[in-house]
file input_13.pdb (PDB, C-alpha atoms and all ligand atoms)
ATOM      1  CA  MET A  19       9.381   6.179   9.726
ATOM      2  CA  SER A  20       8.889   8.929   7.168
ATOM      3  CA  ASP A  21       5.341  10.227   6.924
ATOM      4  CA  ASP A  22       6.158  11.442   3.402
ATOM      5  CA  LEU A  23       6.148   7.910   1.985
ATOM      6  CA  VAL A  24       2.371   7.771   2.330
ATOM      7  CA  LEU A  25       0.242  10.914   2.543
ATOM      8  CA  TYR A  26      -2.985  11.085   4.528
ATOM      9  CA  ASP A  27      -5.836  13.531   4.279
ATOM     10  CA  VAL A  28      -9.462  13.690   5.397
ATOM     11  CA  ALA A  29     -12.091  15.863   3.701
ATOM     12  CA  ASP A  30     -15.832  15.481   3.104
ATOM     13  CA  ASN A  31     -15.921  12.271   5.211
ATOM     14  CA  ILE A  32     -13.386  10.692   2.840
ATOM     15  CA  ALA A  33      -9.908   9.634   3.945
ATOM     16  CA  THR A  34      -7.442   9.758   1.078
ATOM     17  CA  ILE A  35      -4.334   7.636   1.480
ATOM     18  CA  THR A  36      -1.708   8.342  -1.173
ATOM     19  CA  LEU A  37       1.368   6.254  -1.928
ATOM     20  CA  ASN A  38       4.093   8.835  -2.361
ATOM     21  CA  ARG A  39       7.257   7.219  -3.619
ATOM     22  CA  PRO A  40       6.786   8.063  -7.296
ATOM     23  CA  GLU A  41      10.521   8.125  -8.056
ATOM     24  CA  ALA A  42      10.580   4.379  -7.296
ATOM     25  CA  ALA A  43       7.188   3.618  -8.922
ATOM     26  CA  ASN A  44       5.841   3.289  -5.364
ATOM     27  CA  ALA A  45       7.922   0.205  -4.650
ATOM     28  CA  GLN A  46       7.103  -0.952  -1.135
ATOM     29  CA  ASN A  47       9.840  -0.931   1.474
ATOM     30  CA  PRO A  48       9.064  -1.757   5.132
ATOM     31  CA  ASP A  49       8.751   1.925   6.145
ATOM     32  CA  LEU A  50       6.216   2.565   3.397
ATOM     33  CA  LEU A  51       4.151  -0.452   4.442
ATOM     34  CA  HIS A  52       4.209   0.401   8.159
ATOM     35  CA  ARG A  53       3.179   3.971   7.393
ATOM     36  CA  LEU A  54       0.465   2.729   5.016
ATOM     37  CA  ASP A  55      -0.957   0.458   7.703
ATOM     38  CA  ALA A  56      -0.868   3.345  10.184
ATOM     39  CA  CYS A  57      -2.895   5.451   7.705
ATOM     40  CA  TRP A  58      -5.508   2.696   7.334
ATOM     41  CA  THR A  59      -5.716   2.506  11.130
ATOM     42  CA  MET A  60      -6.235   6.278  11.383
ATOM     43  CA  ALA A  61      -9.068   6.066   8.848
ATOM     44  CA  GLU A  62     -10.554   3.069  10.638
ATOM     45  CA  ASN A  63     -10.582   4.850  14.006
ATOM     46  CA  ASP A  64     -11.811   8.261  12.828
ATOM     47  CA  ASP A  65     -15.601   8.484  13.127
ATOM     48  CA  ASP A  66     -15.618  11.310  10.571
ATOM     49  CA  VAL A  67     -14.270   8.967   7.904
ATOM     50  CA  LYS A  68     -16.964   7.092   6.004
ATOM     51  CA  VAL A  69     -15.057   6.025   2.872
ATOM     52  CA  ILE A  70     -11.350   5.396   2.239
ATOM     53  CA  ILE A  71      -9.584   6.083  -1.066
ATOM     54  CA  LEU A  72      -6.197   4.516  -1.738
ATOM     55  CA  ASN A  73      -4.342   6.114  -4.619
ATOM     56  CA  ALA A  74      -0.779   6.684  -5.764
ATOM     57  CA  ASN A  75       1.295   9.629  -6.891
ATOM     58  CA  GLY A  76       3.251   9.280 -10.119
ATOM     59  CA  LYS A  77       2.908   7.235 -13.268
ATOM     60  CA  HIS A  78       2.449   3.895 -11.530
ATOM     61  CA  PHE A  79       0.308   2.574  -8.699
ATOM     62  CA  SER A  80       2.992   0.231  -7.363
ATOM     63  CA  SER A  81       5.814  -1.838  -8.815
ATOM     64  CA  GLY A  82       5.610  -4.254  -5.896
ATOM     65  CA  HIS A  83       7.900  -5.087  -3.029
ATOM     66  CA  ASP A  84      11.204  -3.260  -3.001
ATOM     67  CA  MET A  85      13.721  -5.987  -3.786
ATOM     68  CA  ARG A  86      16.694  -3.636  -3.598
ATOM     69  CA  GLY A  87      17.470  -4.320   0.011
ATOM     70  CA  GLY A  88      21.088  -3.296  -0.398
ATOM     71  CA  ASP A  89      24.259  -4.995   0.745
ATOM     72  CA  SER A  90      23.012  -5.938   4.203
ATOM     73  CA  GLN A  91      20.062  -7.830   2.724
ATOM     74  CA  ALA A  92      22.191  -9.632   0.123
ATOM     75  CA  ALA A  93      24.711 -10.630   2.793
ATOM     76  CA  LYS A  94      22.102 -11.648   5.355
ATOM     77  CA  LYS A  95      21.748 -15.315   6.117
ATOM     78  CA  TRP A  96      18.028 -15.795   5.683
ATOM     79  CA  THR A  97      15.966 -18.421   7.459
ATOM     80  CA  VAL A  98      12.397 -19.506   6.776
ATOM     81  CA  GLN A  99      11.529 -18.189  10.238
ATOM     82  CA  ASP A 100      12.770 -14.690   9.308
ATOM     83  CA  ILE A 101      10.745 -14.622   6.132
ATOM     84  CA  TYR A 102       7.600 -16.076   7.669
ATOM     85  CA  LYS A 103       7.728 -13.601  10.545
ATOM     86  CA  ILE A 104       8.246 -10.546   8.319
ATOM     87  CA  GLU A 105       5.718 -11.535   5.664
ATOM     88  CA  THR A 106       3.069 -12.658   8.166
ATOM     89  CA  ARG A 107       3.059  -9.128   9.506
ATOM     90  CA  GLN A 108       3.729  -6.759   6.653
ATOM     91  CA  TYR A 109       2.348  -8.624   3.653
ATOM     92  CA  VAL A 110      -0.495 -11.035   4.326
ATOM     93  CA  GLY A 111      -1.235  -9.519   7.750
ATOM     94  CA  TYR A 112      -1.514  -5.930   6.572
ATOM     95  CA  SER A 113      -3.554  -6.913   3.496
ATOM     96  CA  LEU A 114      -6.064  -8.855   5.595
ATOM     97  CA  HIS A 115      -6.260  -5.925   8.013
ATOM     98  CA  TRP A 116      -7.124  -3.504   5.197
ATOM     99  CA  ARG A 117      -9.647  -5.954   3.718
ATOM    100  CA  ASN A 118     -11.397  -6.130   7.075
ATOM    101  CA  VAL A 119     -11.517  -2.409   7.926
ATOM    102  CA  PRO A 120     -15.296  -1.979   8.377
ATOM    103  CA  LYS A 121     -15.645   0.962   5.989
ATOM    104  CA  PRO A 122     -15.906   0.979   2.203
ATOM    105  CA  SER A 123     -12.589   1.467   0.439
ATOM    106  CA  ILE A 124     -11.730   2.257  -3.177
ATOM    107  CA  ALA A 125      -8.367   1.775  -4.884
ATOM    108  CA  ALA A 126      -7.569   4.091  -7.810
ATOM    109  CA  VAL A 127      -4.993   2.359 -10.000
ATOM    110  CA  GLN A 128      -2.924   3.777 -12.860
ATOM    111  CA  GLY A 129       0.103   2.403 -14.679
ATOM    112  CA  VAL A 130       1.595  -0.796 -13.363
ATOM    113  CA  CYS A 131       0.328  -2.766 -10.395
ATOM    114  CA  ILE A 132       2.820  -5.597 -10.075
ATOM    115  CA  ALA A 133       2.879  -8.484  -7.589
ATOM    116  CA  GLY A 134       3.046  -6.719  -4.194
ATOM    117  CA  GLY A 135       0.990  -3.932  -5.805
ATOM    118  CA  LEU A 136      -1.901  -6.372  -5.891
ATOM    119  CA  LEU A 137      -1.587  -6.716  -2.106
ATOM    120  CA  LEU A 138      -2.549  -3.050  -1.835
ATOM    121  CA  ALA A 139      -5.326  -2.944  -4.459
ATOM    122  CA  TRP A 140      -7.114  -6.275  -3.896
ATOM    123  CA  PRO A 141      -7.966  -5.686  -0.226
ATOM    124  CA  CYS A 142      -9.948  -2.582  -1.224
ATOM    125  CA  ASP A 143     -13.674  -3.122  -1.725
ATOM    126  CA  LEU A 144     -13.807  -1.425  -5.113
ATOM    127  CA  ILE A 145     -11.174  -0.755  -7.751
ATOM    128  CA  VAL A 146     -11.327   2.072 -10.286
ATOM    129  CA  ALA A 147      -8.692   1.586 -12.985
ATOM    130  CA  ALA A 148      -7.242   4.117 -15.382
ATOM    131  CA  ASP A 149      -7.297   2.961 -18.981
ATOM    132  CA  ASN A 150      -3.507   2.503 -18.855
ATOM    133  CA  ALA A 151      -3.552   0.207 -15.791
ATOM    134  CA  LYS A 152      -1.831  -3.167 -15.997
ATOM    135  CA  PHE A 153      -1.975  -5.886 -13.362
ATOM    136  CA  SER A 154       0.514  -8.743 -13.080
ATOM    137  CA  ASP A 155       2.121 -11.222 -10.712
ATOM    138  CA  PRO A 156       5.274 -12.519 -12.435
ATOM    139  CA  VAL A 157       6.877 -14.141  -9.369
ATOM    140  CA  VAL A 158       6.984 -17.653 -10.844
ATOM    141  CA  ALA A 159      10.112 -16.282 -12.567
ATOM    142  CA  MET A 160      11.606 -15.982  -9.061
ATOM    143  CA  GLY A 161      10.641 -19.504  -8.058
ATOM    144  CA  ILE A 162       7.522 -18.528  -6.093
ATOM    145  CA  GLY A 163       3.962 -19.619  -6.886
ATOM    146  CA  GLY A 164       2.348 -16.194  -6.441
ATOM    147  CA  VAL A 165       2.509 -13.245  -4.058
ATOM    148  CA  GLU A 166       1.803 -13.610  -0.346
ATOM    149  CA  TYR A 167      -1.928 -12.739  -0.427
ATOM    150  CA  HIS A 168      -3.689 -15.198  -2.690
ATOM    151  CA  GLY A 169      -6.476 -13.091  -4.159
ATOM    152  CA  HIS A 170      -5.826 -14.544  -7.616
ATOM    153  CA  THR A 171      -8.393 -17.345  -7.721
ATOM    154  CA  TRP A 172     -11.095 -15.176  -6.148
ATOM    155  CA  GLU A 173     -10.400 -12.084  -8.216
ATOM    156  CA  LEU A 174      -9.809 -13.692 -11.626
ATOM    157  CA  GLY A 175     -11.384 -17.150 -11.582
ATOM    158  CA  ALA A 176      -9.316 -20.308 -11.607
ATOM    159  CA  ARG A 177      -8.333 -20.448 -15.281
ATOM    160  CA  LEU A 178      -7.183 -16.852 -15.698
ATOM    161  CA  ALA A 179      -5.458 -17.053 -12.285
ATOM    162  CA  LYS A 180      -3.469 -20.042 -13.500
ATOM    163  CA  GLU A 181      -2.693 -18.421 -16.860
ATOM    164  CA  ILE A 182      -1.292 -15.208 -15.413
ATOM    165  CA  LEU A 183       0.707 -17.136 -12.826
ATOM    166  CA  PHE A 184       2.076 -19.642 -15.342
ATOM    167  CA  THR A 185       2.969 -17.026 -17.983
ATOM    168  CA  GLY A 186       3.634 -13.942 -15.850
ATOM    169  CA  ARG A 187       1.722 -11.834 -18.367
ATOM    170  CA  ALA A 188      -0.118  -8.671 -17.364
ATOM    171  CA  ILE A 189      -3.825  -8.105 -17.836
ATOM    172  CA  ASN A 190      -4.996  -4.652 -18.829
ATOM    173  CA  ALA A 191      -7.805  -2.642 -17.255
ATOM    174  CA  GLU A 192     -10.506  -3.813 -19.692
ATOM    175  CA  GLU A 193      -9.624  -7.479 -19.220
ATOM    176  CA  ALA A 194      -9.626  -6.961 -15.450
ATOM    177  CA  LYS A 195     -13.078  -5.362 -15.694
ATOM    178  CA  ALA A 196     -14.390  -8.196 -17.886
ATOM    179  CA  VAL A 197     -13.614 -10.742 -15.152
ATOM    180  CA  GLY A 198     -14.933  -8.493 -12.368
ATOM    181  CA  MET A 199     -11.580  -7.605 -10.835
ATOM    182  CA  VAL A 200     -12.146  -3.879 -11.331
ATOM    183  CA  ASN A 201     -15.408  -1.965 -11.118
ATOM    184  CA  ARG A 202     -14.789   0.850 -13.561
ATOM    185  CA  VAL A 203     -12.284   1.817 -16.236
ATOM    186  CA  VAL A 204     -11.872   5.547 -16.809
ATOM    187  CA  PRO A 205      -9.503   7.738 -18.845
ATOM    188  CA  LEU A 206      -6.267   8.343 -16.951
ATOM    189  CA  ASP A 207      -6.995  12.071 -16.657
ATOM    190  CA  ASP A 208     -10.331  11.315 -14.967
ATOM    191  CA  LEU A 209      -9.049   8.757 -12.445
ATOM    192  CA  GLN A 210      -9.005  11.046  -9.413
ATOM    193  CA  SER A 211     -12.304  12.791 -10.153
ATOM    194  CA  ALA A 212     -14.162   9.566 -10.994
ATOM    195  CA  THR A 213     -12.896   7.870  -7.830
ATOM    196  CA  ARG A 214     -13.831  10.843  -5.681
ATOM    197  CA  GLU A 215     -17.297  11.045  -7.228
ATOM    198  CA  LEU A 216     -17.878   7.381  -6.413
ATOM    199  CA  ALA A 217     -16.560   7.876  -2.868
ATOM    200  CA  LEU A 218     -18.867  10.872  -2.307
ATOM    201  CA  GLU A 219     -21.859   8.874  -3.517
ATOM    202  CA  ILE A 220     -21.052   6.056  -1.077
ATOM    203  CA  ALA A 221     -20.294   8.491   1.764
ATOM    204  CA  SER A 222     -23.844   9.868   1.478
ATOM    205  CA  LYS A 223     -25.181   6.516   2.725
ATOM    206  CA  HIS A 224     -25.583   5.458   6.352
ATOM    207  CA  PRO A 225     -22.221   4.228   7.738
ATOM    208  CA  TRP A 226     -23.810   1.379   9.692
ATOM    209  CA  ALA A 227     -25.653   0.116   6.608
ATOM    210  CA  LEU A 228     -22.430   0.363   4.605
ATOM    211  CA  ARG A 229     -20.614  -1.583   7.289
ATOM    212  CA  MET A 230     -23.285  -4.294   7.217
ATOM    213  CA  ALA A 231     -23.240  -4.439   3.404
ATOM    214  CA  LYS A 232     -19.478  -4.920   3.429
ATOM    215  CA  ARG A 233     -19.760  -7.541   6.139
ATOM    216  CA  ALA A 234     -22.450  -9.414   4.195
ATOM    217  CA  VAL A 235     -20.198  -9.819   1.177
ATOM    218  CA  ASN A 236     -16.998 -10.503   3.121
ATOM    219  CA  GLN A 237     -18.688 -13.016   5.410
ATOM    220  CA  THR A 238     -20.070 -14.825   2.353
ATOM    221  CA  LEU A 239     -16.558 -14.993   0.891
ATOM    222  CA  ASP A 240     -15.300 -16.273   4.230
ATOM    223  CA  ILE A 241     -17.968 -18.974   4.375
ATOM    224  CA  GLN A 242     -16.673 -19.969   0.928
ATOM    225  CA  GLY A 243     -13.218 -20.144   2.489
ATOM    226  CA  PHE A 244     -11.528 -16.876   1.491
ATOM    227  CA  THR A 245      -9.535 -16.055   4.631
ATOM    228  CA  ASN A 246      -8.639 -19.676   5.359
ATOM    229  CA  ALA A 247      -7.491 -20.103   1.753
ATOM    230  CA  VAL A 248      -5.352 -16.957   1.946
ATOM    231  CA  GLN A 249      -3.704 -18.258   5.134
ATOM    232  CA  ALA A 250      -3.172 -21.730   3.654
ATOM    233  CA  VAL A 251      -1.738 -20.423   0.375
ATOM    234  CA  PHE A 252       0.585 -18.126   2.324
ATOM    235  CA  ASP A 253       2.172 -21.293   3.702
ATOM    236  CA  VAL A 254       2.532 -22.568   0.110
ATOM    237  CA  HIS A 255       4.164 -19.234  -0.757
ATOM    238  CA  THR A 256       6.636 -19.699   2.100
ATOM    239  CA  LEU A 257       7.505 -23.135   0.718
ATOM    240  CA  GLY A 258       8.604 -21.294  -2.435
ATOM    241  CA  HIS A 259      10.949 -19.125  -0.355
ATOM    242  CA  GLY A 260      12.275 -22.224   1.421
ATOM    243  CA  HIS A 261      13.030 -23.895  -1.900
ATOM    244  CA  ALA A 262      14.774 -20.776  -3.234
ATOM    245  CA  MET A 263      16.954 -20.655  -0.116
ATOM    246  CA  THR A 264      18.082 -24.232  -0.526
ATOM    247  CA  GLU A 265      18.896 -23.511  -4.176
ATOM    248  CA  CYS A 266      20.652 -20.157  -3.936
ATOM    249  CA  GLY A 267      20.718 -19.099  -0.267
ATOM    250  CA  TYR A 268      18.330 -16.202  -0.906
ATOM    251  CA  PRO A 269      14.515 -16.053  -0.473
ATOM    252  CA  VAL A 270      13.875 -15.813  -4.228
ATOM    253  CA  LEU A 271      15.716 -17.525  -7.075
ATOM    254  CA  VAL A 272      18.408 -15.044  -8.076
ATOM    255  CA  ASP A 273      22.048 -15.241  -8.961
ATOM    256  CA  LEU A 274      23.317 -14.165  -5.542
ATOM    257  CA  GLU A 275      26.970 -13.752  -6.556
ATOM    258  CA  ALA A 276      25.985 -11.496  -9.474
ATOM    259  CA  MET A 277      23.756  -9.498  -7.128
ATOM    260  CA  LYS A 278      26.593  -9.046  -4.592
ATOM    261  CA  LYS A 279      28.948  -7.939  -7.385
ATOM    262  CA  GLU A 280      26.402  -5.408  -8.634
ATOM    263  CA  ILE A 281      25.959  -3.985  -5.132
ATOM    264  CA  ALA A 282      29.742  -3.897  -4.586
ATOM    265  CA  SER A 283      30.213  -2.074  -7.915
ATOM    266  CA  LYS A 284      27.984   0.725  -6.665
ATOM    267  CA  GLU A 285      29.869   1.212  -3.401
ATOM    268  CA  PRO A 286      32.303   4.121  -3.213
ATOM    269  CA  ALA A 287      35.935   3.007  -3.642
ATOM    270  CA  LYS A 288      37.632   2.456  -0.310
ATOM    271  CA  ALA A 289      40.510   4.826   0.409
TER     272      ALA A 289
HETATM  273 ZN    ZN B 301       7.213 -13.698   0.132
END
call {"tool": "encode", "arguments": {"input": "input_13.pdb", "output": "structure tokens", "more": "lines below"}}
Ligand code: ZN
result
Amino acid sequence: MSDDLVLYDVADNIATITLNRPEAANAQNPDLLHRLDACWTMAENDDDVKVIILNANGKHFSSGHDMRGGDSQAAKKWTVQDIYKIETRQYVGYSLHWRNVPKPSIAAVQGVCIAGGLLLAWPCDLIVAADNAKFSDPVVAMGIGGVEYHGHTWELGARLAKEILFTGRAINAEEAKAVGMVNRVVPLDDLQSATRELALEIASKHPWALRMAKRAVNQTLDIQGFTNAVQAVFDVHTLGHGHAMTECGYPVLVDLEAMKKEIASKEPAKA
């Protein structure tokens, strides 16, 4: 696992976790996700850390899950068990872990935050968005009814959740703020400073009181069914993968033969 994929730093009682794969728009491969979860765990276990910031290097917060698995992934014979096992851990499992870390967390989002990108931003307690941020979950185009962690209905309300799923369109930062999905919209150049200022303000409060405040809100959401709904909708998500596999032998609806040809065309010619 490369520590460079996600950077970690603690200063002024604030842990800063930084996605650091800017050349790939912070697309999430398994190593990045495992390292990211390890960073959250470090922040969770460090008594000096009172607030956690999640941000991203480069133009974009995250373009989602890295679908370019290479030849081995295209050739692999997938089963529902494989997918369920992997996604239970590194998608819905990690996101629920981060949501439940008993310290306030703030995501700072710029550029695109697509599909799997939402799985990193939504679990944070607060979201500060740059004025160029765009949020979307266009996976209906791949035969799936939404990403693994169903924050949609809770974050957007039922009608907007359905609209963005049905159409695949992105919402911008102002629209996200209007429905309560983000707390603040700031100019792109001010994203880091505004997020840090907010984190410092929160870090000045008593950590136990902060923990109880977070628990009060999260427990209320759970009494309304949040965690159970996320688990149940994850099973619906897996049904989408199962359907795609019966249709094209791959976990999402793609033209598998075209994908294999594209991968083969990039391989060096055999001597
Ligand atoms: Zn999935």
call {"tool": "resolve_selection", "arguments": {"input": "input_13.pdb", "expression": "the PyMOL selection byres (((not hetatm)) within 9 of (chain B and resi 301))", "output": "list in words"}}
result
Ile101, Tyr102, Ile104, Glu105, Tyr109, Ile162, Gly164, Val165, Glu166, Phe252, His255, Thr256, Gly258, His259, Pro269 and Val270 of chain A
call {"tool": "axis_aligned_box", "arguments": {"input": "input_13.pdb", "around": "segment 179-189 of chain A", "padding_each_side": "3 Å", "output": "JSON"}}
result
{"center_x": -0.9, "center_y": -14.1, "center_z": -15.3, "size_x": 15.1, "size_y": 17.9, "size_z": 12.1}
call {"tool": "resolve_selection", "arguments": {"input": "input_13.pdb", "expression": "the PyMOL selection byres (((chain A and resi 62) around 12) and not hetatm)", "output": "ChimeraX atom specification"}}
result
/A:28,31-33,35,55-61,63-70,115-123,229
call {"tool": "residues_around", "arguments": {"input": "input_13.pdb", "residues": "Gly76 of chain A", "least_positions_apart": "3", "cutoff": "12 Å", "atoms": "all atoms listed in the file", "output": "CSV table (one decimal) with C-alpha atoms, in the coordinates of the input"}}
result
chain,number,residue,atom,x,y,z
A,36,THR,CA,-1.7,8.3,-1.2
A,37,LEU,CA,1.4,6.3,-1.9
A,38,ASN,CA,4.1,8.8,-2.4
A,39,ARG,CA,7.3,7.2,-3.6
A,40,PRO,CA,6.8,8.1,-7.3
A,41,GLU,CA,10.5,8.1,-8.1
A,42,ALA,CA,10.6,4.4,-7.3
A,43,ALA,CA,7.2,3.6,-8.9
A,44,ASN,CA,5.8,3.3,-5.4
A,45,ALA,CA,7.9,0.2,-4.6
A,73,ASN,CA,-4.3,6.1,-4.6
A,79,PHE,CA,0.3,2.6,-8.7
A,80,SER,CA,3.0,0.2,-7.4
A,81,SER,CA,5.8,-1.8,-8.8
A,127,VAL,CA,-5.0,2.4,-10.0
A,128,GLN,CA,-2.9,3.8,-12.9
A,129,GLY,CA,0.1,2.4,-14.7
A,130,VAL,CA,1.6,-0.8,-13.4
A,206,LEU,CA,-6.3,8.3,-17.0
call {"tool": "atom_distance", "arguments": {"input": "input_13.pdb", "atom1": "atom CA of Phe184 of chain A", "atom2": "atom CA of Ala74 of chain A"}}
result
28.2 Å
call {"tool": "residues_near_point", "arguments": {"input": "input_13.pdb", "point": "(-3.1, -17.5, -2.9)", "cutoff": "9 Å", "atoms": "only C-alpha atoms", "output": "ChimeraX atom specification"}}
result
/A:163-172,247-252,254-255
call {"tool": "residues_around", "arguments": {"input": "input_13.pdb", "residues": "Ile124 of chain A", "least_positions_apart": "2", "cutoff": "10 Å", "atoms": "only C-alpha atoms", "output": "list in words"}}
result
Thr34, Val69, Ile70, Ile71, Leu72, Asn73, Pro122, Ala126, Val127, Ala139, Trp140, Pro141, Cys142, Asp143, Leu144, Ile145, Val146, Asn201, Thr213, Arg214, Leu216 and Ala217 of chain A
call {"tool": "residues_around", "arguments": {"input": "input_13.pdb", "residues": "Pro156 of chain A", "least_positions_apart": "4", "cutoff": "12 Å", "atoms": "only C-alpha atoms", "output": "list in words"}}
result
Ser81, Gly82, Cys131, Ile132, Ala133, Gly134, Gly135, Leu136, Met160, Gly161, Ile162, Gly163, Gly164, Val165, Ala179, Lys180, Glu181, Ile182, Leu183, Phe184, Thr185, Gly186, Arg187, Ala188 and Ile189 of chain A
call {"tool": "atom_distance", "arguments": {"input": "input_13.pdb", "atom1": "atom CA of Phe244 of chain A", "atom2": "atom CA of Leu114 of chain A"}}
result
10.5 Å
call {"tool": "closest_residue", "arguments": {"input": "input_13.pdb", "among": "A:Ala276, A:Val158, A:Val197, A:Ala231", "to": "Arg177 of chain A", "atoms": "all atoms listed in the file"}}
result
A:Val197
call {"tool": "residues_near_point", "arguments": {"input": "input_13.pdb", "point": "(17.7, -15.5, 6.0)", "cutoff": "10 Å", "atoms": "only C-alpha atoms", "output": "short mmCIF file (atom, residue, chain, number, x, y, z; two decimals) with C-alpha atoms, in the coordinates of the input"}}
result
data_model
loop_
_atom_site.label_atom_id
_atom_site.label_comp_id
_atom_site.auth_asym_id
_atom_site.auth_seq_id
_atom_site.Cartn_x
_atom_site.Cartn_y
_atom_site.Cartn_z
CA GLN A 91 20.06 -7.83 2.72
CA ALA A 92 22.19 -9.63 0.12
CA ALA A 93 24.71 -10.63 2.79
CA LYS A 94 22.10 -11.65 5.36
CA LYS A 95 21.75 -15.32 6.12
CA TRP A 96 18.03 -15.80 5.68
CA THR A 97 15.97 -18.42 7.46
CA VAL A 98 12.40 -19.51 6.78
CA GLN A 99 11.53 -18.19 10.24
CA ASP A 100 12.77 -14.69 9.31
CA ILE A 101 10.74 -14.62 6.13
CA HIS A 259 10.95 -19.12 -0.36
CA GLY A 260 12.28 -22.22 1.42
CA MET A 263 16.95 -20.66 -0.12
CA GLY A 267 20.72 -19.10 -0.27
CA TYR A 268 18.33 -16.20 -0.91
CA PRO A 269 14.52 -16.05 -0.47
#
call {"tool": "resolve_selection", "arguments": {"input": "input_13.pdb", "expression": "the PyMOL selection byres (((chain A and resi 23) around 6) and not hetatm)", "output": "list in words"}}
result
Ser20, Asp21, Asp22, Val24, Asn38, Arg39 and Leu50 of chain A
call {"tool": "atom_distance", "arguments": {"input": "input_13.pdb", "atom1": "atom CA of Val204 of chain A", "atom2": "atom CA of Ala151 of chain A"}}
result
9.9 Å
call {"tool": "closest_residue", "arguments": {"input": "input_13.pdb", "among": "A:Asn190, A:Ser222, A:Ser113, A:Asn75", "to": "Leu25 of chain A", "atoms": "all atoms listed in the file"}}
result
A:Asn75
call {"tool": "closest_residue", "arguments": {"input": "input_13.pdb", "among": "A:Cys266, A:Leu257, A:Val235, A:Leu218", "to": "Ala29 of chain A", "atoms": "only C-alpha atoms"}}
result
A:Leu218
call {"tool": "closest_residue", "arguments": {"input": "input_13.pdb", "among": "A:Asp253, A:Asp208, A:Glu192, A:Asp27", "to": "Lys103 of chain A", "atoms": "only C-alpha atoms"}}
result
A:Asp253
call {"tool": "closest_residue", "arguments": {"input": "input_13.pdb", "among": "A:Ala212, A:Ala147, A:Ile220, A:Ala234", "to": "Gly198 of chain A", "atoms": "all atoms listed in the file"}}
result
A:Ala147
call {"tool": "closest_residue", "arguments": {"input": "input_13.pdb", "among": "A:Ala221, A:Ala191, A:Asn47, A:Gln210", "to": "Lys152 of chain A", "atoms": "only C-alpha atoms"}}
result
A:Ala191
